[in-house]
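target01.txt, holding compact mmCIF, C-alpha atoms:
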# COMPACT_ATOMS: atom_id res chain seq x y z
CA MET A 1 -26.16 4.70 9.26
CA GLN A 2 -24.58 1.40 8.23
CA THR A 3 -23.34 -1.61 10.13
CA VAL A 4 -19.71 -2.24 9.24
CA ASP A 5 -19.10 -5.37 11.30
CA ARG A 6 -21.68 -7.30 13.29
CA TYR A 7 -19.15 -8.09 16.03
CA ALA A 8 -18.45 -5.78 18.91
CA GLY A 9 -15.81 -3.16 18.23
CA GLN A 10 -13.53 -1.93 20.97
CA PHE A 11 -10.71 0.60 20.89
CA LEU A 12 -11.95 2.07 17.62
CA SER A 13 -9.72 4.44 15.64
CA GLN A 14 -10.69 6.06 12.35
CA ALA A 15 -9.14 8.10 9.55
CA LEU A 16 -10.36 9.49 6.24
CA ASP A 17 -8.49 8.82 3.01
CA GLN A 18 -7.81 11.37 0.27
CA GLN A 19 -11.24 10.67 -1.27
CA GLY A 20 -12.97 11.20 2.07
CA HIS A 21 -13.71 7.48 2.57
CA PRO A 22 -13.62 6.22 6.17
CA HIS A 23 -11.07 3.69 7.40
CA LEU A 24 -11.45 1.95 10.78
CA ALA A 25 -9.16 -0.11 12.97
CA TYR A 26 -10.62 -1.89 15.99
CA TYR A 27 -10.48 -4.87 18.28
CA ASP A 28 -13.12 -7.55 17.68
CA SER A 29 -13.45 -8.99 21.19
CA ALA A 30 -15.94 -11.67 20.08
CA ASN A 31 -13.26 -13.32 17.92
CA ALA A 32 -10.10 -11.94 19.60
CA ASP A 33 -8.99 -10.32 16.34
CA LEU A 34 -7.53 -6.97 15.38
CA LYS A 35 -9.51 -5.77 12.35
CA TYR A 36 -9.25 -3.05 9.72
CA ALA A 37 -12.21 -1.94 7.61
CA TYR A 38 -12.53 0.65 4.89
CA TRP A 39 -15.21 1.96 2.54
CA ASP A 40 -14.08 1.44 -1.08
CA GLY A 41 -16.84 3.56 -2.57
CA ALA A 42 -19.22 0.64 -3.10
CA GLY A 43 -19.08 -1.29 0.16
CA TRP A 44 -17.10 -2.13 3.27
CA VAL A 45 -13.96 -4.25 2.97
CA ILE A 46 -12.84 -5.91 6.20
CA HIS A 47 -9.38 -7.36 6.88
CA VAL A 48 -8.36 -9.45 9.85
CA VAL A 49 -5.01 -7.88 10.69
CA ASP A 50 -3.98 -10.08 13.59
CA GLU A 51 -5.86 -13.27 14.44
CA THR A 52 -3.42 -14.88 16.83
CA ASP A 53 -6.01 -14.92 19.65
CA ILE A 54 -4.91 -11.51 20.85
CA THR A 55 -6.32 -8.84 23.07
CA ALA A 56 -5.68 -5.56 21.25
CA TRP A 57 -5.98 -2.43 23.37
CA TYR A 58 -5.50 1.24 22.51
CA VAL A 59 -5.73 0.76 18.75
CA THR A 60 -4.53 3.77 16.74
CA LEU A 61 -4.75 4.19 12.94
CA ALA A 62 -3.01 6.46 10.46
CA LEU A 63 -3.07 6.48 6.65
CA ASP A 64 0.08 7.21 4.68
CA SER A 65 0.33 9.40 1.59
CA PHE A 66 -0.77 6.40 -0.53
CA ASP A 67 -3.81 5.80 1.74
CA GLN A 68 -2.22 2.59 3.07
CA PRO A 69 -3.11 1.81 6.71
CA HIS A 70 -0.66 1.82 9.60
CA ILE A 71 -1.88 0.56 12.97
CA GLY A 72 -0.37 0.70 16.43
CA TYR A 73 -1.81 -1.28 19.34
CA TYR A 74 -1.01 -2.81 22.68
CA ASN A 75 -1.16 -6.60 22.44
CA ALA A 76 -2.17 -7.44 26.01
CA SER A 77 -1.91 -11.18 25.31
CA GLN A 78 1.80 -10.82 24.47
CA ALA A 79 2.45 -7.76 26.69
CA SER A 80 3.92 -5.77 23.80
CA VAL A 81 3.28 -2.64 21.80
CA GLN A 82 3.00 -3.62 18.15
CA TYR A 83 3.00 -1.76 14.88
CA THR A 84 1.58 -3.19 11.66
CA PHE A 85 1.12 -1.77 8.19
CA TRP A 86 -0.25 -2.87 4.84
CA ASN A 87 2.53 -2.90 2.22
CA GLY A 88 0.07 -3.31 -0.67
CA ALA A 89 0.15 -7.10 -0.58
CA ALA A 90 0.30 -8.23 3.07
CA TRP A 91 0.34 -7.00 6.65
CA GLN A 92 3.81 -6.45 8.10
CA ARG A 93 4.04 -6.60 11.90
CA GLN A 94 6.76 -5.38 14.25
CA ILE A 95 7.13 -5.45 18.00
CA VAL A 96 7.94 -1.93 19.15
CA ILE A 97 8.59 -2.78 22.78
CA SER A 98 7.77 -5.53 25.21
CA ALA A 99 5.88 -4.00 28.08
CA ASN A 100 3.81 -4.96 31.04
CA ASN A 101 0.25 -3.82 31.59
CA ALA A 102 1.47 -0.30 32.34
CA ILE A 103 0.51 0.91 28.83
CA ARG A 104 -2.54 3.16 29.12
CA ALA A 105 -2.67 4.97 25.76
CA LEU A 106 -1.08 4.99 22.30
CA SER A 107 -1.07 7.49 19.48
CA LEU A 108 0.32 6.92 15.98
CA ASP A 109 1.26 9.49 13.40
CA LEU A 110 3.31 9.34 10.20
CA ASP A 111 5.97 11.83 9.20
CA ALA A 112 6.39 13.33 5.71
CA ASP A 113 8.28 10.17 4.63
CA ASN A 114 5.45 7.89 5.85
CA GLN A 115 7.59 6.73 8.78
CA PRO A 116 5.67 5.87 11.96
CA GLN A 117 5.96 7.87 15.17
CA LEU A 118 4.33 6.40 18.29
CA SER A 119 3.56 8.08 21.60
CA LEU A 120 3.02 5.78 24.56
CA PHE A 121 1.60 6.72 27.93
CA THR A 122 2.54 4.41 30.80
CA GLU A 123 1.19 4.28 34.31
CA HIS A 124 3.19 2.35 36.87
CA SER A 125 1.38 3.68 39.91
CA TRP A 126 -0.79 6.67 40.71
CA ASP A 127 2.28 8.91 40.96
CA GLN A 128 4.66 7.33 38.43
CA ASN A 129 3.46 8.06 34.91
CA ALA A 130 5.57 8.58 31.81
CA LEU A 131 5.18 9.66 28.23
CA TRP A 132 7.38 7.86 25.69
CA TYR A 133 8.21 8.50 22.04
CA ALA A 134 9.09 5.65 19.66
CA ARG A 135 10.27 5.72 16.05
CA PRO A 136 12.12 3.30 13.78
CA SER A 137 15.80 3.98 13.22
CA ASN A 138 18.20 1.75 11.28
CA GLY A 139 15.89 -1.26 11.45
CA PHE A 140 15.17 -0.96 15.20
CA TRP A 141 12.67 0.97 17.25
CA GLN A 142 14.23 3.80 19.21
CA ILE A 143 12.32 4.66 22.36
CA GLU A 144 12.87 7.86 24.30
CA LEU A 145 11.41 9.17 27.52
CA SER A 146 9.55 12.37 26.62
CA ASN A 147 9.28 13.68 30.15
CA ASN A 148 10.65 13.11 33.60
CA PRO A 149 8.72 10.39 35.40
CA GLY A 150 6.15 11.66 37.81
CA ARG A 151 2.60 12.89 37.77
CA LEU A 152 1.40 14.02 34.35
CA ALA A 153 -1.63 16.10 33.59
CA VAL A 154 -2.85 13.70 30.91
CA THR A 155 -6.46 12.75 30.35
CA PRO A 156 -6.59 8.96 30.23
CA HIS A 157 -7.72 7.27 27.03
CA TRP A 158 -10.79 5.16 27.73
CA PRO A 159 -11.94 2.48 25.28
CA LEU A 160 -14.86 3.14 22.97
CA ILE A 161 -17.11 0.13 23.41
CA VAL A 162 -20.05 -0.25 21.08
CA PRO A 163 -22.22 -3.28 20.29
CA SER A 164 -21.57 -2.89 16.57
CA ILE A 165 -19.69 -0.34 14.53
CA ARG A 166 -22.03 1.94 12.63
CA ILE A 167 -21.35 4.82 10.27
Let me see whether you can do it: turn the structure in this file into structure tokens.
Amino acid sequence: MQTVDRYAGQFLSQALDQQGHPHLAYYDSANADLKYAYWDGAGWVIHVVDETDITAWYVTLALDSFDQPHIGYYNASQASVQYTFWNGAAWQRQIVISANNAIRALSLDLDADNQPQLSLFTEHSWDQNALWYARPSNGFWQIELSNNPGRLAVTPHWPLIVPSIRI
């Protein structure tokens, strides 16, 4: 077992690259940063993805066919769902949708062309939940309601809170 980051990790998401090396995305609540860490075969490399004094909830990570990271998260400080990816030189960030605190879960996947697909679960009240689907189209995010509003049989996503991230 190894310590990756000495700061507390919340909303941890992980993926394995084509070599089987772990990649992690998580919220560092001690510093209010969204972080990304990966094992390069010799040691852990840690990037601060977003350091604008954010509160990142429901972090979700996917690796593209080139093992480049793509991260979706709810930025509670700005009340928006955001998507960021590493283009090989820098992090590129996009606002998917401005939202209130109704976001309760996110899931990110990439299609065969490495294009992001986000699922969002919203909860407006105990009986008004919705599942949304978002994808980029012609430079904008297209967001569709995936179900009729109402009660959904969805298990809520609870944060993984650990004192330090260990592998």
Protein and nucleic acid residues near (8.2, 6.9, 25.1) (cut-off 7 Å, only C-alpha atoms) as a list of chain:residue names: A:Ser119, A:Leu120, A:Leu131, A:Trp132, A:Tyr133, A:Ala134, A:Ile143, A:Glu144, A:Leu145, A:Ser146
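When the distance limit is 8 Å and all atoms listed in the file are what count, the residues near stretch 114-118 of chain A, minus those fewer than 5 positions from it on the same chain, are Asp64, Ser65, His70, Gly72, Leu106, Ser107, Leu108, Asp109, Tyr133, Ala134, Arg135 and Pro136 of chain A.
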Take the residues from that selection and put them in a file with C-alpha atoms, as an mmCIF file, in the frame of the given file.
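Once written, out-v8.cif looks like this:
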data_model
loop_
_atom_site.group_PDB
_atom_site.id
_atom_site.type_symbol
_atom_site.label_atom_id
_atom_site.label_comp_id
_atom_site.auth_asym_id
_atom_site.auth_seq_id
_atom_site.Cartn_x
_atom_site.Cartn_y
_atom_site.Cartn_z
ATOM 1 C CA ASP A 64 0.080 7.210 4.680
ATOM 2 C CA SER A 65 0.330 9.400 1.590
ATOM 3 C CA HIS A 70 -0.660 1.820 9.600
ATOM 4 C CA GLY A 72 -0.370 0.700 16.430
ATOM 5 C CA LEU A 106 -1.080 4.990 22.300
ATOM 6 C CA SER A 107 -1.070 7.490 19.480
ATOM 7 C CA LEU A 108 0.320 6.920 15.980
ATOM 8 C CA ASP A 109 1.260 9.490 13.400
ATOM 9 C CA TYR A 133 8.210 8.500 22.040
ATOM 10 C CA ALA A 134 9.090 5.650 19.660
ATOM 11 C CA ARG A 135 10.270 5.720 16.050
ATOM 12 C CA PRO A 136 12.120 3.300 13.780
#
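Atom pair atom CA of A:Ala32 / atom CA of A:Thr3: separated by 19.3 Å.
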Residue nearest A:Trp141 - candidates A:Val4, A:Ile97, A:Ala15, A:Ala25, atoms counted: only C-alpha atoms: A:Ile97
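Shell of A:Asp50 at 6 Å, with only C-alpha atoms counted and residues fewer than 2 places along the chain excluded, is Asp33, Leu34, Val48 and Thr52 of chain A.
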Output C-alpha atoms for every residue in that selection, as a short mmCIF file (atom, residue, chain, number, x, y, z; two decimals), in the coordinates of the input.
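Contents of the output file result-v3.cif:
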data_model
loop_
_atom_site.label_atom_id
_atom_site.label_comp_id
_atom_site.auth_asym_id
_atom_site.auth_seq_id
_atom_site.Cartn_x
_atom_site.Cartn_y
_atom_site.Cartn_z
CA ASP A 33 -8.99 -10.32 16.34
CA LEU A 34 -7.53 -6.97 15.38
CA VAL A 48 -8.36 -9.45 9.85
CA THR A 52 -3.42 -14.88 16.83
#
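Taking atom CA of A:Arg104 as the reference point, atom CA of A:Glu123 is found at 6.5 Å.
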Polymer residues at most 12 Å from (0.3, -4.8, 3.2) by all atoms listed in the file, as a PyMOL selection string: chain A and resi 36+47-49+66-71+84-93
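Coordinates place atom CA of A:Asp5 at a distance of 18.2 Å from atom CA of A:Ile54.
With all atoms listed in the file as the atoms that count, the residue of A:Ala130, A:Gln2, A:Asp40, A:Asp53 with the shortest distance to A:Tyr27 is A:Asp53.
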Proximity to A:Leu61 - best of A:Phe140, A:Tyr26, A:Phe121, A:Tyr7, all atoms listed in the file: A:Tyr26
Residues near A:Ala79, anyone? I mean within 10 Å using all atoms listed in the file, not counting same-chain ones fewer than 3 positions away, as a PDB file with C-alpha atoms, in the coordinates of the input.
ATOM      1  CA  THR A  55      -6.320  -8.840  23.070  1.00  0.00           C
ATOM      2  CA  TYR A  74      -1.010  -2.810  22.680  1.00  0.00           C
ATOM      3  CA  ASN A  75      -1.160  -6.600  22.440  1.00  0.00           C
ATOM      4  CA  ALA A  76      -2.170  -7.440  26.010  1.00  0.00           C
ATOM      5  CA  GLN A  82       3.000  -3.620  18.150  1.00  0.00           C
ATOM      6  CA  ILE A  97       8.590  -2.780  22.780  1.00  0.00           C
ATOM      7  CA  SER A  98       7.770  -5.530  25.210  1.00  0.00           C
ATOM      8  CA  ALA A  99       5.880  -4.000  28.080  1.00  0.00           C
ATOM      9  CA  ASN A 100       3.810  -4.960  31.040  1.00  0.00           C
ATOM     10  CA  ASN A 101       0.250  -3.820  31.590  1.00  0.00           C
ATOM     11  CA  ALA A 102       1.470  -0.300  32.340  1.00  0.00           C
ATOM     12  CA  ILE A 103       0.510   0.910  28.830  1.00  0.00           C
TER      13      ILE A 103
END
